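The file my_file-v6.cif contains mmCIF, C-alpha atoms:
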```
data_target
#
loop_
_atom_site.label_atom_id
_atom_site.label_comp_id
_atom_site.auth_asym_id
_atom_site.auth_seq_id
_atom_site.Cartn_x
_atom_site.Cartn_y
_atom_site.Cartn_z
CA MET A 58 -5.49 17.91 21.89
CA ARG A 59 -4.86 20.64 19.34
CA ASN A 60 -1.91 22.88 20.20
CA ALA A 61 -2.58 26.58 19.71
CA GLN A 62 -0.04 28.57 17.69
CA ASN A 63 0.51 32.31 17.46
CA GLU A 64 -0.40 33.68 14.06
CA THR A 65 3.19 34.88 13.69
CA ASP A 66 4.59 31.44 14.34
CA VAL A 67 5.77 29.52 11.31
CA MET A 68 4.73 25.91 11.57
CA PRO A 69 7.33 23.39 10.41
CA GLU A 70 6.42 21.88 7.07
CA ILE A 71 6.30 18.11 6.87
CA TRP A 72 6.62 16.66 3.41
CA LEU A 73 4.46 13.65 2.59
CA VAL A 74 5.91 12.23 -0.61
CA ALA A 75 3.56 10.16 -2.80
CA GLY A 76 4.12 8.79 -6.27
CA THR A 77 1.72 5.83 -6.43
CA ARG A 78 -1.84 5.24 -5.33
CA PRO A 79 -0.95 3.07 -2.30
CA GLU A 80 1.40 5.80 -1.08
CA ALA A 81 -1.31 8.44 -1.47
CA VAL A 82 -3.88 6.26 0.33
CA LYS A 83 -1.56 5.53 3.26
CA LEU A 84 -0.27 9.10 3.57
CA ALA A 85 -3.71 10.74 3.37
CA PRO A 86 -4.66 9.86 6.98
CA VAL A 87 -1.33 11.31 8.13
CA ALA A 88 -2.01 14.57 6.28
CA LYS A 89 -5.41 14.74 7.98
CA ALA A 90 -3.94 14.05 11.42
CA LEU A 91 -1.26 16.72 10.99
CA ALA A 92 -3.84 19.30 9.88
CA THR A 93 -6.17 18.43 12.75
CA GLU A 94 -3.53 18.80 15.47
CA GLY A 95 -2.22 22.03 13.98
CA ARG A 96 1.36 21.94 15.22
CA MET A 97 2.92 20.96 11.88
CA ARG A 98 1.84 21.77 8.33
CA PRO A 99 1.43 18.81 5.95
CA VAL A 100 2.80 19.37 2.47
CA VAL A 101 1.72 16.66 0.04
CA ILE A 102 4.24 16.20 -2.77
CA ALA A 103 2.89 14.31 -5.81
CA THR A 104 5.99 13.14 -7.64
CA GLY A 105 4.39 12.30 -10.98
CA GLN A 106 5.27 8.61 -10.93
CA HIS A 107 1.58 7.70 -11.37
CA PRO A 108 0.00 11.18 -11.51
CA GLU A 109 -3.63 10.36 -12.32
CA MET A 110 -3.91 7.58 -9.77
CA VAL A 111 -2.35 9.72 -7.01
CA GLY A 112 -4.68 12.63 -7.70
CA GLN A 113 -7.66 10.30 -7.73
CA ALA A 114 -6.66 8.71 -4.41
CA LEU A 115 -6.04 12.03 -2.68
CA ALA A 116 -9.43 13.34 -3.84
CA THR A 117 -11.09 10.42 -2.08
CA PHE A 118 -9.95 11.95 1.21
CA GLY A 119 -10.72 15.55 0.25
CA LEU A 120 -7.06 16.32 -0.44
CA THR A 121 -5.06 17.77 -3.31
CA ALA A 122 -1.30 17.84 -3.73
CA ASP A 123 0.48 20.99 -2.59
CA GLU A 124 3.25 20.37 -5.11
CA ASN A 125 3.04 18.42 -8.37
CA LEU A 126 6.20 17.31 -10.14
CA THR A 127 6.15 16.82 -13.90
CA LEU A 128 8.26 13.92 -15.06
CA ILE A 129 9.47 13.51 -18.62
CA ARG A 130 9.35 9.78 -19.35
CA ARG A 131 10.92 8.58 -22.59
CA THR A 132 12.28 5.11 -21.84
CA GLY A 133 10.30 4.21 -18.69
CA SER A 134 13.50 2.94 -17.07
CA GLN A 135 14.25 3.04 -13.36
CA PRO A 136 17.35 5.28 -13.82
CA GLU A 137 15.29 7.79 -15.82
CA LEU A 138 12.55 7.77 -13.19
CA LEU A 139 14.89 8.11 -10.20
CA SER A 140 16.90 10.95 -11.75
CA GLY A 141 13.73 12.86 -12.66
CA LEU A 142 12.33 12.44 -9.16
CA LEU A 143 15.51 13.64 -7.48
CA THR A 144 15.78 16.69 -9.71
CA GLY A 145 12.14 17.62 -9.13
CA LEU A 146 12.28 17.17 -5.37
CA GLU A 147 15.46 19.24 -5.13
CA GLU A 148 13.77 22.11 -6.97
CA VAL A 149 10.85 22.07 -4.55
CA ALA A 150 13.16 21.88 -1.52
CA ASP A 151 14.99 25.01 -2.69
CA ARG A 152 11.66 26.89 -2.58
CA ARG A 153 10.17 25.42 0.58
CA PRO A 154 12.64 23.50 2.73
CA PRO A 155 10.98 20.77 4.82
CA ALA A 156 11.49 20.19 8.53
CA ALA A 157 11.07 16.45 7.96
CA VAL A 158 10.23 14.21 5.02
CA VAL A 159 7.83 11.27 5.36
CA VAL A 160 8.18 8.52 2.78
CA GLN A 161 5.98 5.46 2.68
CA GLY A 162 6.73 1.91 1.68
CA ASP A 163 9.21 0.88 -0.98
CA THR A 164 8.68 2.49 -4.38
CA THR A 165 11.14 4.46 -6.49
CA THR A 166 9.43 7.59 -5.17
CA THR A 167 10.11 6.36 -1.60
CA LEU A 168 13.80 5.95 -2.36
CA ALA A 169 14.03 9.31 -4.11
CA GLY A 170 12.28 11.12 -1.25
CA ALA A 171 14.63 9.56 1.29
CA LEU A 172 17.74 10.43 -0.71
CA ALA A 173 16.62 13.99 -1.38
CA ALA A 174 15.99 14.56 2.32
CA PHE A 175 19.13 12.81 3.53
CA TRP A 176 21.38 14.79 1.21
CA ARG A 177 19.95 18.01 2.70
CA ARG A 178 20.39 16.67 6.26
CA VAL A 179 16.62 16.68 6.77
CA PRO A 180 15.18 13.88 8.97
CA VAL A 181 13.73 11.00 6.97
CA VAL A 182 10.67 9.33 8.51
CA HIS A 183 9.88 5.93 7.01
CA LEU A 184 6.21 5.00 7.28
CA GLU A 185 5.58 1.25 7.01
CA ALA A 186 9.19 0.50 7.83
CA GLY A 187 10.74 -2.90 8.46
CA LEU A 188 8.94 -5.02 5.85
CA ARG A 189 11.24 -7.72 4.51
CA SER A 190 10.83 -10.63 2.09
CA PHE A 191 14.53 -11.51 2.56
CA ASP A 192 14.80 -11.95 -1.22
CA LEU A 193 16.26 -9.06 -3.24
CA GLY A 194 14.64 -10.46 -6.37
CA ALA A 195 11.08 -10.51 -5.04
CA PRO A 196 9.51 -8.07 -4.95
CA PHE A 197 11.82 -6.35 -7.42
CA PRO A 198 13.06 -3.64 -6.97
CA GLU A 199 11.04 -2.93 -3.82
CA GLU A 200 13.00 -5.14 -1.42
CA LEU A 201 16.21 -3.23 -2.14
CA ASN A 202 14.42 0.13 -2.04
CA ARG A 203 13.10 -0.36 1.47
CA LYS A 204 16.44 -1.66 2.76
CA LEU A 205 18.19 1.41 1.36
CA VAL A 206 15.59 3.74 2.91
CA SER A 207 16.17 2.06 6.27
CA GLN A 208 19.80 3.19 6.10
CA ALA A 209 18.77 6.84 5.73
CA ALA A 210 15.79 7.03 8.10
CA ALA A 211 15.96 8.90 11.40
CA LEU A 212 12.63 7.43 12.52
CA HIS A 213 11.21 4.05 11.53
CA LEU A 214 7.44 3.71 11.95
CA ALA A 215 6.85 -0.03 11.79
CA PRO A 216 3.31 -1.28 11.09
CA THR A 217 3.63 -4.40 13.26
CA PRO A 218 5.88 -5.86 15.96
CA ASP A 219 7.28 -8.30 13.38
CA ALA A 220 8.39 -5.42 11.16
CA ALA A 221 9.98 -3.71 14.17
CA ALA A 222 11.83 -6.91 15.02
CA ASN A 223 13.26 -7.02 11.48
CA LEU A 224 14.73 -3.56 11.96
CA ARG A 225 16.17 -4.38 15.36
CA ALA A 226 17.78 -7.50 13.90
CA GLU A 227 19.50 -5.29 11.32
CA GLY A 228 20.98 -3.12 14.04
CA VAL A 229 18.63 -0.14 13.89
CA PRO A 230 18.78 1.57 17.31
CA GLU A 231 15.79 0.58 19.42
CA GLU A 232 14.90 4.18 20.25
CA ASN A 233 14.46 4.96 16.53
CA VAL A 234 11.83 2.25 15.95
CA LEU A 235 8.19 2.71 16.91
CA VAL A 236 5.25 0.38 16.23
CA ALA A 237 2.52 2.62 14.86
CA GLY A 238 0.17 0.26 13.03
CA ASN A 239 -0.60 0.50 9.33
CA THR A 240 -2.32 3.67 8.13
CA VAL A 241 -4.09 1.67 5.40
CA VAL A 242 -6.47 0.48 8.12
CA ASP A 243 -7.21 4.14 8.98
CA ALA A 244 -7.81 4.82 5.29
CA ILE A 245 -10.06 1.85 4.58
CA LEU A 246 -12.19 2.55 7.66
CA THR A 247 -12.60 6.18 6.58
CA VAL A 248 -13.72 5.14 3.12
CA THR A 249 -16.14 2.45 4.28
CA ASP A 250 -17.82 4.91 6.65
CA LYS A 251 -19.15 6.72 3.57
CA SER A 252 -21.61 5.62 0.90
CA THR A 253 -19.94 4.75 -2.41
CA THR A 254 -21.17 5.53 -5.90
CA VAL A 255 -19.93 2.95 -8.40
CA HIS A 256 -19.68 4.69 -11.76
CA ASP A 257 -19.38 1.62 -14.01
CA PRO A 258 -22.94 0.22 -14.40
CA GLU A 259 -21.65 -3.31 -15.06
CA LEU A 260 -19.52 -3.24 -11.92
CA ALA A 261 -22.37 -1.75 -9.88
CA THR A 262 -24.70 -4.56 -10.93
CA LEU A 263 -22.06 -7.18 -10.23
CA LEU A 264 -21.40 -5.83 -6.72
CA GLU A 265 -25.12 -5.74 -5.98
CA ASN A 266 -25.53 -9.36 -7.10
CA ALA A 267 -22.51 -10.47 -5.09
CA THR A 268 -23.67 -8.63 -1.96
CA ARG A 269 -27.05 -10.37 -2.02
CA GLY A 270 -25.43 -13.76 -2.67
CA ALA A 271 -26.62 -14.30 -6.23
CA VAL A 272 -23.04 -14.84 -7.45
CA LYS A 273 -19.58 -15.43 -5.99
CA LEU A 274 -17.16 -12.62 -6.66
CA MET A 275 -13.39 -13.02 -6.95
CA LEU A 276 -11.20 -9.92 -7.12
CA VAL A 277 -7.92 -10.42 -9.00
CA THR A 278 -5.05 -7.92 -9.03
CA LEU A 279 -1.72 -8.48 -10.82
CA HIS A 280 1.16 -6.11 -11.45
CA ARG A 281 4.48 -7.29 -9.96
CA ARG A 282 7.41 -7.08 -12.38
CA GLU A 283 8.65 -10.53 -11.42
CA SER A 284 5.29 -11.95 -12.60
CA TRP A 285 5.31 -10.36 -16.05
CA GLY A 286 5.16 -12.80 -18.93
CA GLU A 287 4.68 -16.51 -18.38
CA PRO A 288 4.00 -16.40 -14.58
CA MET A 289 1.16 -13.92 -15.13
CA ARG A 290 -0.18 -16.01 -17.99
CA ARG A 291 -0.34 -19.06 -15.66
CA VAL A 292 -2.36 -17.06 -13.14
CA LEU A 293 -4.80 -15.77 -15.75
CA ARG A 294 -5.32 -19.28 -17.16
CA ALA A 295 -5.99 -20.55 -13.64
CA VAL A 296 -8.66 -17.83 -13.31
CA THR A 297 -10.20 -18.98 -16.60
CA GLU A 298 -10.26 -22.58 -15.37
CA LEU A 299 -11.90 -21.59 -12.09
CA MET A 300 -14.62 -19.70 -13.94
CA ALA A 301 -15.26 -22.59 -16.31
CA ALA A 302 -15.70 -24.94 -13.34
CA ASP A 303 -18.12 -22.70 -11.42
CA PRO A 304 -20.99 -21.01 -13.30
CA GLU A 305 -21.73 -18.80 -10.26
CA LEU A 306 -18.21 -17.32 -10.18
CA ARG A 307 -17.62 -13.79 -11.45
CA VAL A 308 -14.25 -12.03 -11.64
CA VAL A 309 -13.28 -8.37 -11.43
CA LEU A 310 -9.76 -7.57 -12.59
CA PRO A 311 -8.69 -3.90 -12.42
CA ALA A 312 -5.89 -3.91 -14.99
CA HIS A 313 -2.69 -2.11 -14.02
CA PRO A 314 -1.83 0.82 -16.35
CA ASN A 315 1.42 -0.78 -17.50
CA PRO A 316 0.90 -1.65 -21.21
CA GLU A 317 2.57 -5.06 -20.90
CA VAL A 318 0.23 -6.05 -18.08
CA ARG A 319 -2.88 -4.70 -19.80
CA SER A 320 -2.06 -6.48 -23.06
CA LEU A 321 -1.64 -9.87 -21.41
CA VAL A 322 -4.79 -9.50 -19.30
CA ARG A 323 -6.89 -8.68 -22.33
CA GLU A 324 -5.31 -11.46 -24.39
CA GLU A 325 -6.22 -14.08 -21.78
CA LEU A 326 -9.51 -12.83 -20.30
CA ALA A 327 -11.20 -10.41 -22.70
CA ASP A 328 -13.45 -13.09 -24.22
CA THR A 329 -14.21 -14.91 -20.95
CA PRO A 330 -17.89 -14.61 -19.94
CA GLY A 331 -18.27 -13.33 -16.40
CA ALA A 332 -14.86 -11.64 -16.28
CA LEU A 333 -14.97 -7.85 -15.96
CA ILE A 334 -11.73 -6.08 -16.84
CA THR A 335 -11.66 -2.48 -15.62
CA GLY A 336 -9.12 0.28 -15.36
CA PRO A 337 -7.65 1.08 -11.94
CA LEU A 338 -10.64 1.55 -9.65
CA PRO A 339 -11.12 4.66 -7.49
CA TYR A 340 -10.22 3.71 -3.95
CA PRO A 341 -13.81 3.73 -2.61
CA GLU A 342 -14.89 1.45 -5.46
CA LEU A 343 -11.97 -0.88 -4.81
CA ALA A 344 -13.01 -1.02 -1.15
CA ALA A 345 -16.60 -1.79 -2.16
CA THR A 346 -15.37 -4.56 -4.47
CA LEU A 347 -13.25 -6.04 -1.68
CA ALA A 348 -16.19 -5.94 0.70
CA ALA A 349 -18.40 -7.81 -1.79
CA SER A 350 -15.78 -10.45 -2.66
CA THR A 351 -15.75 -14.07 -1.59
CA LEU A 352 -12.05 -14.47 -2.35
CA VAL A 353 -9.13 -12.35 -3.54
CA LEU A 354 -6.20 -13.39 -5.73
CA SER A 355 -3.48 -10.74 -5.61
CA ASP A 356 0.22 -9.97 -5.78
CA SER A 357 -0.42 -6.55 -4.20
CA GLY A 358 0.94 -5.73 -0.78
CA GLY A 359 -1.88 -3.31 -0.04
CA ILE A 360 -4.59 -5.86 -0.75
CA GLN A 361 -3.01 -8.22 1.80
CA GLU A 362 -3.48 -5.46 4.39
CA GLU A 363 -6.93 -4.28 3.31
CA ALA A 364 -8.79 -7.55 2.79
CA PRO A 365 -8.67 -8.65 6.48
CA THR A 366 -10.75 -5.57 7.38
CA PHE A 367 -13.59 -7.12 5.36
CA GLY A 368 -12.98 -10.71 6.43
CA VAL A 369 -12.00 -11.79 2.90
CA PRO A 370 -9.25 -14.42 2.43
CA VAL A 371 -6.36 -13.64 0.09
CA LEU A 372 -4.37 -16.02 -2.07
CA VAL A 373 -1.02 -14.25 -2.50
CA LEU A 374 0.28 -14.72 -6.03
CA ARG A 375 3.91 -14.57 -4.93
CA ASP A 376 6.45 -17.07 -3.65
CA VAL A 377 7.51 -14.78 -0.79
CA THR A 378 5.81 -11.90 0.96
CA GLU A 379 7.06 -9.15 3.23
CA ARG A 380 3.69 -9.25 4.99
CA MET A 381 4.02 -12.59 6.73
CA GLU A 382 1.76 -11.25 9.50
CA ALA A 383 -1.22 -11.97 7.22
CA VAL A 384 0.04 -15.48 6.47
CA ASN A 385 0.84 -16.18 10.12
CA ALA A 386 -2.58 -14.93 11.18
CA GLY A 387 -4.16 -17.31 8.67
CA CYS A 388 -5.93 -14.70 6.56
CA ALA A 389 -3.60 -15.10 3.56
CA LEU A 390 -2.01 -18.09 1.82
CA LEU A 391 1.06 -18.07 -0.41
CA VAL A 392 0.30 -19.83 -3.70
CA GLY A 393 2.80 -18.18 -6.05
CA THR A 394 2.00 -18.41 -9.75
CA ASP A 395 1.59 -22.19 -9.74
CA HIS A 396 -1.45 -22.92 -11.89
CA GLY A 397 -2.45 -26.13 -10.11
CA LYS A 398 -2.00 -24.72 -6.61
CA ILE A 399 -4.05 -21.64 -7.41
CA VAL A 400 -6.89 -23.71 -8.85
CA SER A 401 -7.05 -26.29 -6.06
CA THR A 402 -6.77 -23.78 -3.21
CA ALA A 403 -9.24 -21.34 -4.71
CA LYS A 404 -11.78 -24.07 -5.39
CA GLU A 405 -11.65 -25.22 -1.78
CA LEU A 406 -12.20 -21.71 -0.41
CA LEU A 407 -14.86 -20.74 -2.94
CA ASN A 408 -16.89 -23.86 -2.14
CA ASP A 409 -16.41 -24.04 1.64
CA PRO A 410 -17.67 -21.08 3.73
CA ALA A 411 -16.37 -22.76 6.90
CA ALA A 412 -12.83 -22.80 5.48
CA ARG A 413 -13.06 -19.09 4.73
CA THR A 414 -14.33 -18.40 8.25
CA ARG A 415 -11.44 -20.33 9.78
CA MET A 416 -8.93 -18.29 7.80
CA MET A 417 -10.29 -15.04 9.17
CA SER A 418 -10.75 -16.10 12.79
CA SER A 419 -7.67 -14.23 14.09
CA GLY A 420 -8.78 -10.79 12.87
CA ASN A 421 -6.70 -8.06 11.25
CA PRO A 422 -3.00 -8.15 12.18
CA PHE A 423 -2.31 -4.71 10.70
CA GLY A 424 -3.77 -2.37 13.27
CA ASP A 425 -6.68 -0.61 14.88
CA GLY A 426 -7.23 2.47 12.70
CA ALA A 427 -5.26 4.86 14.92
CA ALA A 428 -1.88 4.74 13.14
CA ALA A 429 -2.12 8.25 11.68
CA GLY A 430 -2.53 9.81 15.11
CA ARG A 431 0.48 7.90 16.39
CA THR A 432 2.47 9.08 13.38
CA GLU A 433 1.62 12.70 14.15
CA GLN A 434 2.73 12.22 17.74
CA ALA A 435 6.00 10.65 16.63
CA LEU A 436 6.73 13.51 14.24
CA ALA A 437 6.00 16.10 16.94
CA HIS A 438 8.36 14.31 19.30
CA LEU A 439 11.06 14.06 16.63
CA LEU A 440 10.93 17.83 16.04
CA GLY A 441 10.84 18.73 19.74
CA LEU A 442 7.20 19.84 19.74
CA ALA A 443 6.14 17.17 22.23
CA PRO A 444 8.38 16.25 25.18
CA ASP A 445 7.25 12.66 25.54
CA LEU A 446 5.54 9.92 23.62
CA PRO A 447 2.43 8.71 25.46
CA ALA A 448 2.57 5.09 26.61
CA PRO A 449 2.23 2.52 25.22
CA PHE A 450 3.44 4.19 22.01
CA ARG A 451 7.15 4.27 22.76
CA PRO A 452 10.24 2.26 21.81
CA ALA A 453 9.42 -1.32 22.73
CA SER A 454 11.74 -3.88 24.26
CA ALA A 455 12.01 -7.35 22.77
CA ASN A 456 9.62 -8.72 25.40
CA GLU A 457 7.07 -5.97 24.79
CA LEU A 458 7.23 -6.50 21.05
CA ALA A 459 6.40 -10.16 21.57
CA GLU A 460 3.40 -9.21 23.66
CA VAL A 461 1.86 -6.55 21.37
#
```
Write-out of the structure in structure tokens:
Amino acid sequence: MRNAQNETDVMPEIWLVAGTRPEAVKLAPVAKALATEGRMRPVVIATGQHPEMVGQALATFGLTADENLTLIRRTGSQPELLSGLLTGLEEVADRRPPAAVVVQGDTTTTLAGALAAFWRRVPVVHLEAGLRSFDLGAPFPEELNRKLVSQAAALHLAPTPDAAANLRAEGVPEENVLVAGNTVVDAILTVTDKSTTVHDPELATLLENATRGAVKLMLVTLHRRESWGEPMRRVLRAVTELMAADPELRVVLPAHPNPEVRSLVREELADTPGALITGPLPYPELAATLAASTLVLSDSGGIQEEAPTFGVPVLVLRDVTERMEAVNAGCALLVGTDHGKIVSTAKELLNDPAARTRMMSSGNPFGDGAAAGRTEQALAHLLGLAPDLPAPFRPASANELAEV
């Protein structure tokens, strides 16, 4: 229920800090939930880490950033990025101090937002908390980022019981951990409720053909730093081999904006018939591509969460994943960047509809599409605007976590 406020009341401002497209997508439902309830004011901070992609993602949900940082990037290094983010966030905080700062995930923006808030003694709320690969080298530097943010957070909003259990095992107080679900499910359901215009005619035709079963479509996404160079080349050559073996197979690969990634993708796939290399797709078009796909090959964390909504299996192009819920549920398989393993596993799934159905039989482990509302409730409780958290959204005991 919406809480009425006197016009003279000043609503506490809640920063939602986004620097990459996944952050913007996962924070957008939270911004909407905060605005709908009307007891806190969402302030979307676009940090400038990936400015065009963040703006594009926010626009999908009818949002624009309230504050836009301008980063000066000369070397592209992590120290340069982190220092620029901290300086920019501090300048904004001097003008409009937040009541709480919500950071999402594990990027450099996430770390900077948490540090900027912590240093000002402002509560840090970590959305999608508790993910762990248990390997500081993979994903790099994200595994360290999220562990550092966990040290600063006042409230940990875990997407799944497994993520909450990771935090409890690290000694995070039980009352500071809440299982909210993953807001990416909220986002993807919002997008798929609307009709999508695909602006690239070649992609539009390909999606139409895949939807009516005239071709098999495989979505491929690659960007992890630990895969740059030879590991990525092995993956791309496996994709080429799969296409050569199956004349009905078509591939869509939205190339990451990093020049090193783009260069290698074009070197390996540009002359391959049936392979469509695009720029980063607008979120609704990415969702439409996922929905039309037979199989996904990806090293993206977000794709592992989004694909189960559409019943599409994912081959995870990593040796470890912090989203073992997808693997444990059967809807994702770890194949790393091993050329032979990618080819053999993908061939089996592409040619056997029953195998794909078996993989998806357990449903989506990442939530029910109500995570943004739970996040708003948790923030209101944190700031003393709501006396209690409604059951069953409350700190869970070990036994309850096992039962969720």
Selection in question (the file shown): the PyMOL selection byres ((chain A and resi 352) around 8). Which residues does it include, as a CSV table (one decimal) with C-alpha atoms, in the frame of the given file?
```csv
chain,number,residue,atom,x,y,z
A,274,LEU,CA,-17.2,-12.6,-6.7
A,275,MET,CA,-13.4,-13.0,-7.0
A,276,LEU,CA,-11.2,-9.9,-7.1
A,350,SER,CA,-15.8,-10.4,-2.7
A,351,THR,CA,-15.8,-14.1,-1.6
A,353,VAL,CA,-9.1,-12.4,-3.5
A,354,LEU,CA,-6.2,-13.4,-5.7
A,369,VAL,CA,-12.0,-11.8,2.9
A,370,PRO,CA,-9.2,-14.4,2.4
A,371,VAL,CA,-6.4,-13.6,0.1
A,372,LEU,CA,-4.4,-16.0,-2.1
A,403,ALA,CA,-9.2,-21.3,-4.7
A,406,LEU,CA,-12.2,-21.7,-0.4
A,407,LEU,CA,-14.9,-20.7,-2.9
```
Polymer residues at most 12 Å from Leu172 of chain A, all atoms listed in the file, same-chain spacing of 6 or more positions, as a list in words:
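My list of contacting residues is Val74, Leu139, Ser140, Leu142, Leu143, Thr144, Leu146, Glu147, Val158, Val159, Val160, Thr165, Thr166, Arg178, Val179, Pro180, Val181, Val182, His183, Asn202, Arg203, Leu205, Val206, Ser207, Gln208, Ala209 and Ala210 of chain A.
Closest approach to Ala220 of chain A from the set A:Val272, A:Ile71, A:Met300, A:Met381 is made by A:Met381, with distances taken over only C-alpha atoms.
Comparing the minimum interatomic distances between Gly141 of chain A and each of A:Thr127, A:Thr217, A:Asn223, A:Thr432, counting all atoms listed in the file, we find that A:Thr127 sits nearest.
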Atom CA of Asp376 of chain A and atom CA of Asp192 of chain A are how many Å apart?
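Interatomic distance here is 10.1 Å.
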Please report the interatomic distance between atom CA of Pro410 of chain A and atom CA of Leu264 of chain A in Å with one decimal.
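Answer for the atom CA of Pro410 of chain A to atom CA of Leu264 of chain A separation: 18.9 Å.
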